[in-house]
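Enquirer: Sharing a structure with you now.
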Amino acid sequence: MDREARVAWLVDHYQRPRHRGKLPDADARVPGGNPGCGDIITMYLKGQDGEDRVAAVSFEGVGCTLSQAAASILAERINRQQPTFAEVLDFSYEEMLDLLGRGIASSRPQCATLALGTLKGAVKTVEMNRKLRAAGRSDEEIRELRRAIAAQAEGTGLVIGEGAEQAATKPHIASM
Amino acid sequence: MPETLAPVADITARGYAHPEVLVSTEWVADHLKDPTVRLVESDEDVLLYETGHIAGAVKVDWVADLNDPLTRDYIDAPRFQRLLRAKGINDNTTIVFYGDKNNWWATYAFWVFRLFGLKNLRVLDGGRLRWVDEGRELVTQTPRYPEGNITISVRNDTGHRAFRDQVLEHVNRGKRLVDVRSPEEYRGERMHMPEYPNEGALRGGHVPGARSIPWGRAVSPETHTFRPASELRTIYQQENGLQPGDDVIVYCRIGERSSHTWFALTYLLGFESVRNYDGSWTEWGNLVRAPVEKP
């Protein structure tokens with residue numbers, strides 16, 4: 001795909017996003033934010049029963065063209081391939097830049113990888129919830145551990161998990 | 001124009017020191033087919049131009065086009081000349097910048113172009129947002145221009161750009177520094193907020209002695225245009241004690257927001273010596289033994 005075709009493909013995904021909206025029976029709803037740009041992506045993920053594999057994903061979000069196009073492209077790919085959780089976690093940020101096109105995406109890596117980072121957060125959430133429920137943990141204990149996952153994203157420039165929407169929309173970053 | 005849109009006062013009536021650097025949406029609309037005018041869109045959103053832009057505008061991206069891909073610096077004169085010629089820019093071209101985020105990147109591009117000595121530069125007051133709010137047309141067709149003939153001799157950073165050693169000298173001599181980031185960033189509070197990234201800086205706070213004047217204060221929120229000179233003087237001079245003859249250094253996180261304040265002080269209020277420290281907090285907040293102040 002040449003640059004012109006790739007730009008058209010990205011803009012098309014931005015203007016006609018695929019798999020956008022809530023997933024009513026999702027196992028996880030995980031927000032992610034990019035405070036530097038004001039982008040927000042919320043990923044919904046449903047796992048297949050009895051298997052560590054994605055059944056469906058969807059997303060909601062606001063933000064720059066690249067961040068929203070990347071979420072749509074990623075959701076389309078994940079729903080088509082229905083990868084295992086391990087395959088999602090192994091899908092690297094570098095591969096995401098390649099998928100979108102380095103000529104465009106590498107100039108805004110945080111925007112380009114926000115959706116993937118958020119999806120990984122959703123996968124970890126579902127994995128953790130399953131393990132914890134099997135171990136008899138309460139929902140409150142599960143929420144605490146979700147916050148721990150969010151803290152792992154510190155230093156990457158992205159905020160995944162609780163607090164992400166507030167962080168990305170704080171006026172002092174996005175508009176001041 | 002939508003009836004509910006806040007009206008904008010005439011640029012020449014706002015009392016600016018150099019009103020000629022700003023052009024209105026009407027002026028741009030009247031010059032869309034003027035071959036001596038080149039519109040340049042510079043955005044934070046890397047694909048916003050492709051979703052639609054003012055007819056005839058070319059795109060200049062601050063990362064892909066203006067930054068050196070290896071060293072943290074700007075491209076050199078030969079590459080800059082190639083860039084501008086490829087955009088069909090000639091020696092006599094009037095370049096008009098506009099963009100998203102209230103012209104952050106438009107003024108940033110303006111500032112970089114000034115480093116190369118270009119003078120025939122303008123900014124569309126109100127930026128892309130004002131153009132869109134007025135219901136004016138955007139197109140997706142990318143224009144093609146014949147190769148331009150502009151000649152760029154050298155980049156001169158001395159007049160408008162500051163480096164860390166010069167900032168330290170400013171601190172030691174008690175000269176004027178302006179931190180245009182948010183008050184929370186200025187106070188270093190972001191470093192302590194839970195579940196929040198530090199965006200690469202190891203220390204939070206501000207350069208000692210810097211005044212906190214967030215960049216957005218220079219803009220009227222209703223119109224996205226620059227405030228009149230009288231209001232700008234209230235903010236920068238009366239409230240914060242800056243004077244047009246002061247030697248001022250402005251900074252933010254990477255120099256984009258501070259280029260907006262550099263533009264306002266230099267061209268709208270006529271300050272004689274304002275330099276933009278593009279290393280800004282991503283450099284200062286990581287610099288070993290750099291003095292940091294918290295209120």
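Quick note on naming: the chains in the structure tokens go A, B, ... in the order shown, residues restart at 1 in each chain, and ligands are numbered from 1 in order of appearance.
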Quick one: pick out all helix (DSSP H, G or I) residues within region 27-205 of chain B from a backbone DSSP run and write them as an MDAnalysis selection string.

Expert: chainID B and resid 27:30 48:51 62:66 77:86 101:115 127:133 164:172 183:186 189:192

Enquirer: Using only C-alpha atoms, find the one residue out of B:Arg114, B:Arg253, B:Arg181, B:Arg211 that sits nearest to chain A.

Expert: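 Of B:Arg114, B:Arg253, B:Arg181, B:Arg211, the one nearest chain A is B:Arg181, counting only C-alpha atoms.
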
Enquirer: Suppose you want the space between CA of Ala264 (chain B) and CA of Arg122 (chain B); what is it in Å?

Expert: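 Calculated distance between CA of Ala264 (chain B) and CA of Arg122 (chain B) is 12.6 Å.
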
Enquirer: Fewer than 3 positions away in the same chain doesn't count, so skip those; otherwise give me all residues within 8 Å of Ala112 (chain A), counting only C-alpha atoms, as a list in words.

Expert: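 These residues fall inside the cut-off: Leu66, Ser67, Ala70, Met96, Leu97, Leu100, Ala105, Ser106, Arg108, Pro109 and Ala115 of chain A.
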
Enquirer: Using CA of Arg143 (chain A) and CA of Asn129 (chain A) as the two end points, give the distance in Å to one decimal.

Expert: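 If I compute the distance from CA of Arg143 (chain A) to CA of Asn129 (chain A), I get 9.2 Å.
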
Enquirer: Using CA of Phe85 (chain A) and CA of Asp52 (chain A) as the two end points, give the distance in Å to one decimal.

Expert: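 For CA of Phe85 (chain A) relative to CA of Asp52 (chain A), the distance reads 5.6 Å.
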
Enquirer: Return as a Markdown table the residues of region 84-162 of chain B lying at most 8 Å from region 59-76 of chain B, together with the closest atom-to-atom pair for each and the distance in Å to one decimal, counting only C-alpha atoms, with rows in chain order and ascending residue number.

Expert:
| residue | atom | partner | partner_atom | distance |
| --- | --- | --- | --- | --- |
| B:Trp105 | CA | B:Trp62 | CA | 7.3 |
| B:Ala109 | CA | B:Trp62 | CA | 7.0 |
| B:Val112 | CA | B:Leu66 | CA | 7.8 |
| B:Val154 | CA | B:Asp76 | CA | 7.7 |
| B:Arg155 | CA | B:Asp76 | CA | 6.9 |

Enquirer: What lies within 12 Å of Glu239 (chain B) using only C-alpha atoms, ignoring chain neighbours under 5 positions off, as a short mmCIF file (atom, residue, chain, number, x, y, z; two decimals) with C-alpha atoms, in the first residue's frame?

Expert:
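Final file, result_28.cif:
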data_model
loop_
_atom_site.label_atom_id
_atom_site.label_comp_id
_atom_site.auth_asym_id
_atom_site.auth_seq_id
_atom_site.Cartn_x
_atom_site.Cartn_y
_atom_site.Cartn_z
CA ARG B 211 6.36 33.20 36.19
CA SER B 212 3.39 30.94 35.53
CA ILE B 213 1.38 32.34 32.62
CA GLU B 231 -5.90 42.57 27.49
CA LEU B 232 -2.54 40.98 26.66
CA ARG B 233 -0.75 43.88 28.40
CA THR B 234 -2.91 43.32 31.48
#

Enquirer: What's around region 22-39 of chain B at 9 Å? Count only C-alpha atoms, leave out sequence neighbours fewer than 2 positions away in its own chain, and write the answer as a ChimeraX atom specification.

Expert: /B:10-11,18-20,41,54-59,87-90,92-98,121-127,130-131,134,136,268

Enquirer: Please identify all polymer residues within 12 Å of Thr151 (chain B), counting only C-alpha atoms, omitting same-chain residues fewer than 4 positions from it, and present them as a list of chain:residue names.

Expert: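 Listed by chain and then number, they are B:Ala77, B:Pro78, B:Arg79, B:Phe80, B:Gln81, B:Arg82, B:Leu83, B:Leu84, B:Arg85, B:Ile89, B:Asn90, B:Asp91, B:Asn92, B:Thr93, B:Phe116, B:Gly117, B:Leu118, B:Arg155.
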
Enquirer: Okay, now the selection with N, CA and C atoms, as a PDB file, in the first residue's frame?

Expert:
ATOM      1  N   ALA B  77      19.681  23.823   6.878  1.00  0.00           N
ATOM      2  CA  ALA B  77      19.217  24.721   5.814  1.00  0.00           C
ATOM      3  C   ALA B  77      18.968  24.007   4.480  1.00  0.00           C
ATOM      4  N   PRO B  78      19.872  23.126   4.019  1.00  0.00           N
ATOM      5  CA  PRO B  78      19.589  22.461   2.738  1.00  0.00           C
ATOM      6  C   PRO B  78      18.290  21.654   2.754  1.00  0.00           C
ATOM      7  N   ARG B  79      18.049  20.936   3.856  1.00  0.00           N
ATOM      8  CA  ARG B  79      16.817  20.147   3.916  1.00  0.00           C
ATOM      9  C   ARG B  79      15.587  21.062   4.015  1.00  0.00           C
ATOM     10  N   PHE B  80      15.744  22.156   4.736  1.00  0.00           N
ATOM     11  CA  PHE B  80      14.623  23.095   4.853  1.00  0.00           C
ATOM     12  C   PHE B  80      14.309  23.719   3.495  1.00  0.00           C
ATOM     13  N   GLN B  81      15.340  24.027   2.759  1.00  0.00           N
ATOM     14  CA  GLN B  81      15.126  24.591   1.422  1.00  0.00           C
ATOM     15  C   GLN B  81      14.406  23.587   0.515  1.00  0.00           C
ATOM     16  N   ARG B  82      14.837  22.332   0.593  1.00  0.00           N
ATOM     17  CA  ARG B  82      14.168  21.303  -0.218  1.00  0.00           C
ATOM     18  C   ARG B  82      12.700  21.175   0.171  1.00  0.00           C
ATOM     19  N   LEU B  83      12.438  21.216   1.483  1.00  0.00           N
ATOM     20  CA  LEU B  83      11.059  21.108   1.972  1.00  0.00           C
ATOM     21  C   LEU B  83      10.198  22.225   1.407  1.00  0.00           C
ATOM     22  N   LEU B  84      10.694  23.451   1.511  1.00  0.00           N
ATOM     23  CA  LEU B  84       9.889  24.597   1.069  1.00  0.00           C
ATOM     24  C   LEU B  84       9.726  24.639  -0.440  1.00  0.00           C
ATOM     25  N   ARG B  85      10.775  24.295  -1.146  1.00  0.00           N
ATOM     26  CA  ARG B  85      10.655  24.273  -2.608  1.00  0.00           C
ATOM     27  C   ARG B  85       9.643  23.218  -3.049  1.00  0.00           C
ATOM     28  N   ILE B  89       7.135  26.984  -2.661  1.00  0.00           N
ATOM     29  CA  ILE B  89       7.358  28.288  -2.029  1.00  0.00           C
ATOM     30  C   ILE B  89       8.525  29.002  -2.694  1.00  0.00           C
ATOM     31  N   ASN B  90       8.278  30.267  -3.034  1.00  0.00           N
ATOM     32  CA  ASN B  90       9.287  31.102  -3.686  1.00  0.00           C
ATOM     33  C   ASN B  90       9.795  32.167  -2.718  1.00  0.00           C
ATOM     34  N   ASP B  91      10.811  32.893  -3.156  1.00  0.00           N
ATOM     35  CA  ASP B  91      11.363  33.959  -2.305  1.00  0.00           C
ATOM     36  C   ASP B  91      10.323  35.030  -1.981  1.00  0.00           C
ATOM     37  N   ASN B  92       9.401  35.240  -2.895  1.00  0.00           N
ATOM     38  CA  ASN B  92       8.415  36.312  -2.671  1.00  0.00           C
ATOM     39  C   ASN B  92       7.077  35.793  -2.133  1.00  0.00           C
ATOM     40  N   THR B  93       7.030  34.536  -1.707  1.00  0.00           N
ATOM     41  CA  THR B  93       5.770  33.967  -1.223  1.00  0.00           C
ATOM     42  C   THR B  93       5.445  34.462   0.188  1.00  0.00           C
ATOM     43  N   PHE B 116      15.142  30.271  10.316  1.00  0.00           N
ATOM     44  CA  PHE B 116      15.801  30.244   9.007  1.00  0.00           C
ATOM     45  C   PHE B 116      15.767  31.612   8.321  1.00  0.00           C
ATOM     46  N   GLY B 117      15.340  32.618   9.062  1.00  0.00           N
ATOM     47  CA  GLY B 117      15.409  33.980   8.553  1.00  0.00           C
ATOM     48  C   GLY B 117      14.219  34.436   7.728  1.00  0.00           C
ATOM     49  N   LEU B 118      13.211  33.584   7.557  1.00  0.00           N
ATOM     50  CA  LEU B 118      12.058  34.003   6.764  1.00  0.00           C
ATOM     51  C   LEU B 118      11.269  35.078   7.511  1.00  0.00           C
ATOM     52  N   ARG B 155      20.544  28.514   9.136  1.00  0.00           N
ATOM     53  CA  ARG B 155      19.634  28.651  10.282  1.00  0.00           C
ATOM     54  C   ARG B 155      20.379  29.392  11.380  1.00  0.00           C
TER      55      ARG B 155
END

Enquirer: Determine the nearest neighbour of Ser259 (chain B) from the options B:Gly52, B:Gly216, B:Gly174, B:Gly245, counting only C-alpha atoms.

Expert: B:Gly216

Enquirer: Tell me, which residues of region 142-206 of chain B carry DSSP strand (DSSP E or B), written as a PyMOL selection string?

Expert: chain B and resi 161+176-179+206

Enquirer: Identify which of the residues A:Val62, A:Ala122, A:Leu132, A:Ile104 lies closest to Ala5 (chain A), counting only C-alpha atoms when measuring atom-to-atom distances.

Expert: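 Closest residue, counting only C-alpha atoms: A:Ile104.
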
Enquirer: Neighbouring residues of Gln82 (chain A) were defined as those with any atom within 7 Å, considering only C-alpha atoms; residues of the same chain fewer than 4 positions away were excluded. Please report them as a ChimeraX atom specification.

Expert: /A:53-55,78

Enquirer: Let me make sure I understand: among A:Met43, A:Cys111, A:Ile73, A:Leu23, which one has the smallest atom-to-atom distance to chain B if we use only C-alpha atoms?

Expert: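 Ranked by minimum distance to chain B, first place goes to A:Cys111.
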
Enquirer: With distances taken over only C-alpha atoms, which of A:Leu10, A:Phe91, A:Ala134, A:Asp2 is nearest to chain B?

Expert: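 Nearest to chain B: A:Leu10.
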
Enquirer: Given only C-alpha atoms as the basis, pick out the residue of B:Asn149, B:Thr142, B:Ser182, B:Asn172 nearest to chain A.

Expert: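 Comparing B:Asn149, B:Thr142, B:Ser182, B:Asn172 against chain A, the winner is B:Ser182.
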